[in-house]
$ cat upload.pdb   # PDB, C-alpha atoms
ATOM      1  CA  MET A   1      -7.870 -10.398  12.388  1.00  0.00           C
ATOM      2  CA  SER A   2      -4.723 -10.605  10.281  1.00  0.00           C
ATOM      3  CA  GLU A   3      -1.945  -8.074  10.006  1.00  0.00           C
ATOM      4  CA  PRO A   4      -2.874  -4.817   8.295  1.00  0.00           C
ATOM      5  CA  LEU A   5      -1.687  -4.104   4.801  1.00  0.00           C
ATOM      6  CA  THR A   6       1.311  -1.829   4.322  1.00  0.00           C
ATOM      7  CA  MET A   7       1.214   1.303   2.179  1.00  0.00           C
ATOM      8  CA  TYR A   8       4.522   2.738   1.011  1.00  0.00           C
ATOM      9  CA  SER A   9       4.133   6.447   0.333  1.00  0.00           C
ATOM     10  CA  THR A  10       5.658   9.906   0.392  1.00  0.00           C
ATOM     11  CA  GLN A  11       4.338  13.020   2.096  1.00  0.00           C
ATOM     12  CA  TRP A  12       3.867  14.905  -1.187  1.00  0.00           C
ATOM     13  CA  CYS A  13       2.060  12.135  -3.133  1.00  0.00           C
ATOM     14  CA  GLY A  14      -1.538  13.030  -3.956  1.00  0.00           C
ATOM     15  CA  TYR A  15      -2.348   9.469  -5.011  1.00  0.00           C
ATOM     16  CA  CYS A  16      -1.117   8.284  -1.612  1.00  0.00           C
ATOM     17  CA  ARG A  17      -3.329  10.774   0.230  1.00  0.00           C
ATOM     18  CA  ARG A  18      -6.330   9.694  -1.832  1.00  0.00           C
ATOM     19  CA  LEU A  19      -5.762   5.975  -1.248  1.00  0.00           C
ATOM     20  CA  LYS A  20      -5.149   6.573   2.469  1.00  0.00           C
ATOM     21  CA  SER A  21      -8.468   8.415   2.806  1.00  0.00           C
ATOM     22  CA  GLN A  22     -10.218   5.614   0.906  1.00  0.00           C
ATOM     23  CA  PHE A  23      -8.728   3.021   3.276  1.00  0.00           C
ATOM     24  CA  GLU A  24      -9.944   5.071   6.235  1.00  0.00           C
ATOM     25  CA  ARG A  25     -13.422   5.484   4.727  1.00  0.00           C
ATOM     26  CA  GLU A  26     -13.668   1.727   4.058  1.00  0.00           C
ATOM     27  CA  GLY A  27     -12.330   0.782   7.502  1.00  0.00           C
ATOM     28  CA  ILE A  28      -9.263  -0.959   6.066  1.00  0.00           C
ATOM     29  CA  ALA A  29      -6.457  -1.194   8.604  1.00  0.00           C
ATOM     30  CA  PHE A  30      -3.063  -0.231   7.211  1.00  0.00           C
ATOM     31  CA  ARG A  31       0.449   0.682   8.205  1.00  0.00           C
ATOM     32  CA  GLU A  32       2.042   3.583   6.325  1.00  0.00           C
ATOM     33  CA  VAL A  33       5.768   3.757   5.553  1.00  0.00           C
ATOM     34  CA  ASN A  34       7.296   6.934   4.107  1.00  0.00           C
ATOM     35  CA  ILE A  35       9.975   5.820   1.638  1.00  0.00           C
ATOM     36  CA  GLU A  36      11.758   9.180   1.911  1.00  0.00           C
ATOM     37  CA  GLN A  37      12.428   8.483   5.599  1.00  0.00           C
ATOM     38  CA  ASP A  38      13.194   4.764   5.287  1.00  0.00           C
ATOM     39  CA  PRO A  39      15.929   3.791   2.777  1.00  0.00           C
ATOM     40  CA  ALA A  40      15.154   0.072   3.117  1.00  0.00           C
ATOM     41  CA  ALA A  41      11.512   0.759   2.253  1.00  0.00           C
ATOM     42  CA  ALA A  42      12.587   2.814  -0.770  1.00  0.00           C
ATOM     43  CA  ASP A  43      14.767  -0.110  -1.916  1.00  0.00           C
ATOM     44  CA  PHE A  44      11.847  -2.514  -1.499  1.00  0.00           C
ATOM     45  CA  VAL A  45       9.530  -0.263  -3.536  1.00  0.00           C
ATOM     46  CA  MET A  46      12.150  -0.054  -6.286  1.00  0.00           C
ATOM     47  CA  LYS A  47      12.499  -3.849  -6.270  1.00  0.00           C
ATOM     48  CA  VAL A  48       8.772  -4.496  -6.788  1.00  0.00           C
ATOM     49  CA  ASN A  49       8.392  -1.673  -9.330  1.00  0.00           C
ATOM     50  CA  GLY A  50      11.129  -2.425 -11.830  1.00  0.00           C
ATOM     51  CA  GLY A  51      13.640   0.013 -10.339  1.00  0.00           C
ATOM     52  CA  ASN A  52      11.169   2.878  -9.842  1.00  0.00           C
ATOM     53  CA  GLN A  53      10.163   4.478  -6.555  1.00  0.00           C
ATOM     54  CA  THR A  54       6.483   4.417  -7.500  1.00  0.00           C
ATOM     55  CA  VAL A  55       4.003   5.230  -4.751  1.00  0.00           C
ATOM     56  CA  PRO A  56       1.596   4.318  -3.469  1.00  0.00           C
ATOM     57  CA  THR A  57       2.802   0.755  -3.406  1.00  0.00           C
ATOM     58  CA  ILE A  58       0.846  -1.500  -1.094  1.00  0.00           C
ATOM     59  CA  VAL A  59       1.617  -4.945   0.225  1.00  0.00           C
ATOM     60  CA  LEU A  60      -1.286  -7.105   1.300  1.00  0.00           C
ATOM     61  CA  PRO A  61      -1.015  -9.326   4.382  1.00  0.00           C
ATOM     62  CA  ASP A  62      -0.348 -12.319   2.085  1.00  0.00           C
ATOM     63  CA  GLY A  63       2.701 -10.539   0.590  1.00  0.00           C
ATOM     64  CA  THR A  64       1.099  -9.511  -2.717  1.00  0.00           C
ATOM     65  CA  ALA A  65       2.324  -6.098  -3.899  1.00  0.00           C
ATOM     66  CA  MET A  66       0.177  -3.630  -5.866  1.00  0.00           C
ATOM     67  CA  THR A  67       1.159  -0.285  -7.339  1.00  0.00           C
ATOM     68  CA  ASN A  68      -1.347   2.573  -7.165  1.00  0.00           C
ATOM     69  CA  PRO A  69      -4.311   0.187  -7.111  1.00  0.00           C
ATOM     70  CA  PRO A  70      -7.932   1.311  -7.234  1.00  0.00           C
ATOM     71  CA  ILE A  71      -9.680   0.824  -3.886  1.00  0.00           C
ATOM     72  CA  LYS A  72     -12.086  -1.718  -5.398  1.00  0.00           C
ATOM     73  CA  LYS A  73      -9.150  -3.909  -6.436  1.00  0.00           C
ATOM     74  CA  VAL A  74      -7.739  -3.771  -2.904  1.00  0.00           C
ATOM     75  CA  ILE A  75     -11.121  -4.642  -1.356  1.00  0.00           C
ATOM     76  CA  LYS A  76     -11.522  -7.565  -3.756  1.00  0.00           C
ATOM     77  CA  ALA A  77      -8.004  -8.867  -3.033  1.00  0.00           C
ATOM     78  CA  LEU A  78      -8.523  -8.592   0.731  1.00  0.00           C
ATOM     79  CA  ALA A  79     -11.857 -10.414   0.507  1.00  0.00           C
ATOM     80  CA  ALA A  80     -10.315 -13.183  -1.602  1.00  0.00           C
ATOM     81  CA  SER A  81      -7.556 -13.703   0.953  1.00  0.00           C
ATOM     82  CA  GLY A  82      -9.936 -13.504   3.910  1.00  0.00           C
ATOM     83  CA  SER A  83      -7.971 -10.573   5.353  1.00  0.00           C
ATOM     84  CA  ASN A  84     -10.823  -8.117   5.835  1.00  0.00           C
TER
END

$ encode --input "upload.pdb" --output "structure tokens"
Amino acid sequence: MSEPLTMYSTQWCGYCRRLKSQFEREGIAFREVNIEQDPAAADFVMKVNGGNQTVPTIVLPDGTAMTNPPIKKVIKALAASGSN
């Protein structure tokens, strides 16, 4: 099995909580990084989101970044890359 995807989030983000529960329901392994506790992660999120700290931002094992994606899009992308 490949590395899990990474989800950049904040504690207060409702969209992050929803996506996290969807990952858990679908059995998708992930690593969560709170951008409010990790300045380098916050900088990365800003870089991939045009200067905005938009969460949830996820990074697939192949390095593809997605911002607040629907779970079906994540599942499709993982299947296409052979990651899950």

$ resolve_selection --input "upload.pdb" --expression "the PyMOL selection byres ((chain A and resi 69) around 9)" --output "list in words"
Leu19, Pro56, Thr57, Ile58, Met66, Thr67, Asn68, Pro70, Ile71, Lys72, Lys73 and Val74 of chain A

$ axis_aligned_box --input "upload.pdb" --around "stretch 46-62 of chain A" --padding-each-side "6 Å" --output "JSON"
{"center_x": 6.2, "center_y": -3.5, "center_z": -3.7, "size_x": 26.9, "size_y": 29.5, "size_z": 28.2}

$ atom_distance --input "upload.pdb" --atom1 "atom CA of A:Ile35" --atom2 "atom CA of A:Ala79"
27.2 Å

$ residues_near_point --input "upload.pdb" --point "(-12.6, -1.4, 2.2)" --cutoff "8 Å" --atoms "all atoms listed in the file" --output "list in words"
Gln22, Phe23, Arg25, Glu26, Gly27, Ile28, Ile71, Lys72, Val74, Ile75 and Asn84 of chain A

$ closest_residue --input "upload.pdb" --among "A:Val33, A:Ala65, A:Leu78, A:Val55" --to "A:Cys16" --atoms "all atoms listed in the file"
A:Val55

$ atom_distance --input "upload.pdb" --atom1 "atom CA of A:Leu5" --atom2 "atom CA of A:Ala42"
16.8 Å

$ atom_distance --input "upload.pdb" --atom1 "atom CA of A:Arg17" --atom2 "atom CA of A:Gln37"
16.8 Å

$ closest_residue --input "upload.pdb" --among "A:Val59, A:Ala80, A:Asn52, A:Glu24" --to "A:Tyr8" --atoms "all atoms listed in the file"
A:Val59

$ closest_residue --input "upload.pdb" --among "A:Phe44, A:Tyr15, A:Ser81, A:Asn49" --to "A:Asp62" --atoms "all atoms listed in the file"
A:Ser81
